[in-house]
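Q: Encoded as structure tokens, here's the structure I'll be asking about.
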Amino acid sequence: MLRIHFTSHDLQNIRILRRPDPLWELICSMCRLGTGQGPLEFGHWRRSVHARVEVERDLGAALQPLRTLVPSIGYIPDFLTPATAGGELSYGLDLVRGTSRARLVRELTRLGDSQVLPGWTVALGRPGDAGLAMLTRALEVYFGAALQPHWSRIRAVVGNDIDLRTRTLLDGGTQALLNGLYPLARWSSPVLEVDYPVRRDVRLEGRGLLLVPSFFCWRRPTALADPALPPVLVYPVAKTPLDVARATGDGVVRLLGRTRAAILTDVARRDGRTSSEVAEAVGIAPASVSYQMGVLRAGGLVDSQRAGKYVLHAATALGLRLLDAS
């Protein structure tokens with residue numbers, strides 16, 4: 001468990017990143033690529049990347065140093081995810097390229113405690129060494145092949161979560177925002193208890209906290225390992241594994257009826273939909289949405305979860321398969 005200790009000043013200094021962070025998405029996606037985690041959410045994406053590796057030599061070469069520095073489980077050096085505030089990839093790569101030699105030695109020594117590192121890591125950051133340039137080029141190649149084709153969808157899905165968190169903050173304040181992180185985290189003032197693989201305590205001490213919603217973060221939040229760095233909490237957003245076509249197949253309409261088919265299509269197309277958003281998109285009364293959503297939920301096609309004062313609806317695996325088959 002990760003225990004984040006707030007002061008009154010920290011509660012006034014909670015921020016939400018307004019767009020996906022390219023380097024955090026890159027590093028989290030590398031963790032998903034190396035495992036079978038999230039077969040429904042990431043399976044198709046993972047297979048497509050592996051297929052490209054077979055035919056694109058540059059991508060295969062880029063993955064070699066990245067797999068060294070980004071293990072699927074355990075410590076990952078913090079210098080790979082500098083504080084870019086969701087800026088462009090090029091800006092983040094410039095920060096990685098400018099990492100000090102002292103920091104590289106410190107973080108790579110820690111990584112070396114859990115695995116054997118190749119010789120090129122020893123020279124990183126030394127005058128005249130081209131290792132950091134090679135590493136940032138590998139990050140750029142991987143991003144272009146594995147993430148760039150899906151970036152508009154990633155932005156849309158993360159944007160849905162940001163909209164929800166922003167509404168929660170405006171309607172209920174920071175307490176509601178922190179309570180809305182459940183079940184990923186539990187707010188017990190003045191401590192946010194986060195589901196985490198090891199036991200850690202982080203004291204914000206007036207620095208505030210940056211919340212970073214992430215598409216490729218999986219199951220539980222993650223954070224920077226060095227407590228002296230600006231505090232960041234990266235958390236997974238609700239997501240579906242595919243973009244459902246705007247037109248729903250006639251088979252689904254005949255099976256569910258036009259209204260329920262339209263509702264299922266809408267919640268599958270955009271993750272984390274509220275009842276009012278579905279009502280507006282489908283063109284029916286909110287009361288009708290609640291009833292029809294209950295029928296879809298009873299049939300195992302829709303899942304609904306409370307996030308603060310809102311209830312978010314998303315298509316289940318069964319609902320997605322039904323739409324996909326049509």
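Residues in the structure tokens are numbered from 1 in each chain, the chains being A, B, ... in the order shown, and ligands are numbered from 1 in the order shown.
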If you count only C-alpha atoms, which residues fall within 12 Å of Pro82 in chain A, apart from same-chain ones fewer than 2 positions away, as a PyMOL selection string?
A: chain A and resi 21-24+27+77-80+84-87+89+91-99+223-224+226+229-232
Q: Please run DSSP on the backbone and report, as a ChimeraX atom specification, all residues within range 167-257 of chain A that come out as helix (DSSP H, G or I).
A: /A:167-179,250-256
Q: Could you write out the selected residues, including N, CA, C and O atoms, as a compact mmCIF listing (two decimals), in the first residue's frame?
A:
# COMPACT_ATOMS: atom_id res chain seq x y z
N ARG A 167 -15.59 17.61 -13.33
CA ARG A 167 -16.95 17.84 -12.84
C ARG A 167 -17.05 17.52 -11.35
O ARG A 167 -17.70 18.25 -10.58
N THR A 168 -16.42 16.42 -10.96
CA THR A 168 -16.44 16.04 -9.54
C THR A 168 -15.79 17.11 -8.68
O THR A 168 -16.30 17.47 -7.62
N LEU A 169 -14.66 17.64 -9.15
CA LEU A 169 -13.95 18.68 -8.40
C LEU A 169 -14.79 19.95 -8.31
O LEU A 169 -14.89 20.56 -7.23
N LEU A 170 -15.42 20.34 -9.40
CA LEU A 170 -16.22 21.56 -9.39
C LEU A 170 -17.46 21.42 -8.51
O LEU A 170 -17.87 22.36 -7.83
N ASP A 171 -18.06 20.23 -8.52
CA ASP A 171 -19.30 20.04 -7.76
C ASP A 171 -19.05 19.75 -6.28
O ASP A 171 -19.86 20.13 -5.43
N GLY A 172 -17.95 19.05 -5.98
CA GLY A 172 -17.75 18.59 -4.60
C GLY A 172 -16.45 18.96 -3.95
O GLY A 172 -16.22 18.63 -2.79
N GLY A 173 -15.52 19.61 -4.70
CA GLY A 173 -14.25 20.00 -4.12
C GLY A 173 -13.24 18.87 -4.09
O GLY A 173 -13.47 17.77 -4.61
N THR A 174 -12.12 19.13 -3.45
CA THR A 174 -11.02 18.16 -3.45
C THR A 174 -11.37 16.88 -2.69
O THR A 174 -10.89 15.80 -3.05
N GLN A 175 -12.19 16.99 -1.66
CA GLN A 175 -12.59 15.79 -0.92
C GLN A 175 -13.34 14.83 -1.84
O GLN A 175 -13.10 13.62 -1.84
N ALA A 176 -14.27 15.36 -2.63
CA ALA A 176 -15.02 14.52 -3.57
C ALA A 176 -14.10 13.95 -4.64
O ALA A 176 -14.27 12.80 -5.06
N LEU A 177 -13.14 14.76 -5.09
CA LEU A 177 -12.19 14.28 -6.09
C LEU A 177 -11.40 13.08 -5.57
O LEU A 177 -11.27 12.06 -6.26
N LEU A 178 -10.90 13.18 -4.35
CA LEU A 178 -10.13 12.09 -3.77
C LEU A 178 -11.02 10.89 -3.47
O LEU A 178 -10.61 9.73 -3.68
N ASN A 179 -12.22 11.12 -2.99
CA ASN A 179 -13.14 10.01 -2.75
C ASN A 179 -13.48 9.31 -4.07
O ASN A 179 -13.72 8.09 -4.08
N ASP A 250 -27.73 -4.68 -37.75
CA ASP A 250 -29.15 -4.97 -37.66
C ASP A 250 -29.43 -6.11 -36.69
O ASP A 250 -30.48 -6.13 -36.03
N GLY A 251 -28.49 -7.07 -36.58
CA GLY A 251 -28.70 -8.20 -35.67
C GLY A 251 -28.83 -7.76 -34.24
O GLY A 251 -29.69 -8.26 -33.49
N VAL A 252 -28.01 -6.80 -33.81
CA VAL A 252 -28.08 -6.31 -32.44
C VAL A 252 -29.37 -5.53 -32.22
O VAL A 252 -30.00 -5.62 -31.17
N VAL A 253 -29.80 -4.77 -33.23
CA VAL A 253 -31.04 -4.02 -33.12
C VAL A 253 -32.22 -4.98 -32.95
O VAL A 253 -33.12 -4.76 -32.12
N ARG A 254 -32.23 -6.06 -33.76
CA ARG A 254 -33.32 -7.03 -33.64
C ARG A 254 -33.30 -7.73 -32.29
O ARG A 254 -34.35 -8.05 -31.72
N LEU A 255 -32.09 -7.97 -31.75
CA LEU A 255 -31.98 -8.68 -30.48
C LEU A 255 -32.35 -7.80 -29.29
O LEU A 255 -33.09 -8.22 -28.40
N LEU A 256 -31.86 -6.58 -29.27
CA LEU A 256 -32.01 -5.71 -28.10
C LEU A 256 -33.11 -4.67 -28.27
O LEU A 256 -33.61 -4.15 -27.26
Q: Near range 281-285 of chain A, within 8 Å and counting only C-alpha atoms, which residues show up once chain neighbours fewer than 3 positions away are dropped, as an MDAnalysis selection string?
A: chainID A and resid 259 262:263 266 277:278 288:289
Q: Would you list the contacts of Arg3 in chain A as a list in words, taking every protein, DNA or RNA residue within 6 Å and counting only C-alpha atoms, but skipping same-chain residues closer than 3 positions in sequence?
A: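 Here the answer would be Leu192, Glu193 and Asp201 of chain A.
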Q: If DSSP is run on the backbone, what residues of range 119-208 of chain A are strand (DSSP E or B)? A reply as a ChimeraX atom specification would be ideal.
A: /A:185-188,191-194,200-203
Q: I need the residue nearest Arg47 in chain A from this list: A:Arg186, A:Arg32, A:Arg273, A:Arg103. Use only C-alpha atoms for the distance.
A: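 Closest candidate: A:Arg32.
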Q: Using only C-alpha atoms, which residues sit within 12 Å of Thr109 in chain A once same-chain residues fewer than 5 positions away are excluded, as a VMD selection string?
A: chain A and resid 69 75 to 77 101 to 104 114 to 117 121 to 122 124
Q: Quick one: write out the picked residues with N, CA and C atoms as a JSON list (two decimals), in the first residue's frame?
A:
[["chain", "number", "residue", "atom", "x", "y", "z"],
["A", 69, "LEU", "N", 15.62, -1.37, -19.60],
["A", 69, "LEU", "CA", 15.35, -0.34, -18.60],
["A", 69, "LEU", "C", 13.92, -0.34, -18.08],
["A", 75, "TYR", "N", 11.10, -2.13, -10.18],
["A", 75, "TYR", "CA", 11.59, -0.75, -10.27],
["A", 75, "TYR", "C", 11.86, -0.35, -11.72],
["A", 76, "ILE", "N", 11.42, 0.86, -12.07],
["A", 76, "ILE", "CA", 11.71, 1.48, -13.37],
["A", 76, "ILE", "C", 12.34, 2.84, -13.08],
["A", 77, "PRO", "N", 13.48, 3.16, -13.67],
["A", 77, "PRO", "CA", 14.14, 4.44, -13.39],
["A", 77, "PRO", "C", 13.23, 5.64, -13.64],
["A", 101, "ARG", "N", 24.46, 12.97, -15.14],
["A", 101, "ARG", "CA", 25.22, 11.74, -14.93],
["A", 101, "ARG", "C", 25.00, 11.20, -13.52],
["A", 102, "ALA", "N", 24.95, 12.09, -12.53],
["A", 102, "ALA", "CA", 24.77, 11.64, -11.14],
["A", 102, "ALA", "C", 23.44, 10.93, -10.97],
["A", 103, "ARG", "N", 22.40, 11.48, -11.57],
["A", 103, "ARG", "CA", 21.08, 10.85, -11.44],
["A", 103, "ARG", "C", 21.05, 9.51, -12.17],
["A", 104, "LEU", "N", 21.64, 9.44, -13.34],
["A", 104, "LEU", "CA", 21.69, 8.19, -14.09],
["A", 104, "LEU", "C", 22.39, 7.10, -13.28],
["A", 114, "SER", "N", 18.41, -5.46, -9.03],
["A", 114, "SER", "CA", 17.41, -6.50, -9.30],
["A", 114, "SER", "C", 17.63, -7.23, -10.61],
["A", 115, "GLN", "N", 18.57, -6.77, -11.43],
["A", 115, "GLN", "CA", 18.85, -7.44, -12.70],
["A", 115, "GLN", "C", 20.24, -7.09, -13.18],
["A", 116, "VAL", "N", 20.77, -7.92, -14.05],
["A", 116, "VAL", "CA", 22.09, -7.67, -14.65],
["A", 116, "VAL", "C", 21.92, -6.69, -15.81],
["A", 117, "LEU", "N", 22.68, -5.60, -15.79],
["A", 117, "LEU", "CA", 22.57, -4.59, -16.82],
["A", 117, "LEU", "C", 23.69, -4.74, -17.84],
["A", 121, "THR", "N", 24.90, 0.62, -20.39],
["A", 121, "THR", "CA", 24.27, 1.43, -19.36],
["A", 121, "THR", "C", 25.30, 2.09, -18.45],
["A", 122, "VAL", "N", 26.46, 1.49, -18.34],
["A", 122, "VAL", "CA", 27.50, 2.03, -17.44],
["A", 122, "VAL", "C", 28.00, 3.38, -17.92],
["A", 124, "LEU", "N", 26.31, 5.61, -19.73],
["A", 124, "LEU", "CA", 25.27, 6.62, -19.98],
["A", 124, "LEU", "C", 25.59, 7.93, -19.27]]
Q: So, counting only C-alpha atoms, which residue among A:Ala123, A:Leu17, A:Ala146, A:Leu59 is closest to His44 in chain A?
A: A:Ala146
Q: Tell me, as JSON, numbers by chain, which residues lie within 8 Å of Val234 in chain A, counting only C-alpha atoms; anything in the same chain fewer than 3 positions away does not count.
A: {"A": [211, 212, 213, 214, 217, 221, 222, 223]}
Q: Produce a file of the selected residues containing C-alpha atoms, as a compact mmCIF listing (two decimals), in the first residue's frame.
A:
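This went into result-v8.txt:
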# COMPACT_ATOMS: atom_id res chain seq x y z
CA LEU A 211 -2.95 13.23 -10.83
CA VAL A 212 -2.07 11.65 -14.19
CA PRO A 213 -4.83 9.62 -15.87
CA SER A 214 -3.36 6.91 -18.08
CA CYS A 217 -1.69 1.99 -16.62
CA PRO A 221 -1.90 3.30 -9.74
CA THR A 222 1.83 3.90 -9.94
CA ALA A 223 4.13 6.69 -8.80
Q: List the neighbours of Phe216 in chain A out to 8 Å using only C-alpha atoms; skip same-chain residues closer than 4 positions along the sequence, and give me the result as a list in words.
A: Glu25, Cys28, Ser29, Arg32 and Pro236 of chain A
Q: Using only C-alpha atoms, please write the residues we just selected to a file, as an mmCIF file, in the first residue's frame.
A:
data_model
loop_
_atom_site.group_PDB
_atom_site.id
_atom_site.type_symbol
_atom_site.label_atom_id
_atom_site.label_comp_id
_atom_site.auth_asym_id
_atom_site.auth_seq_id
_atom_site.Cartn_x
_atom_site.Cartn_y
_atom_site.Cartn_z
ATOM 1 C CA GLU A 25 1.908 6.125 -21.649
ATOM 2 C CA CYS A 28 3.182 1.847 -19.051
ATOM 3 C CA SER A 29 2.595 0.384 -22.504
ATOM 4 C CA ARG A 32 1.760 -4.232 -20.904
ATOM 5 C CA PRO A 236 -5.686 3.752 -14.898
#
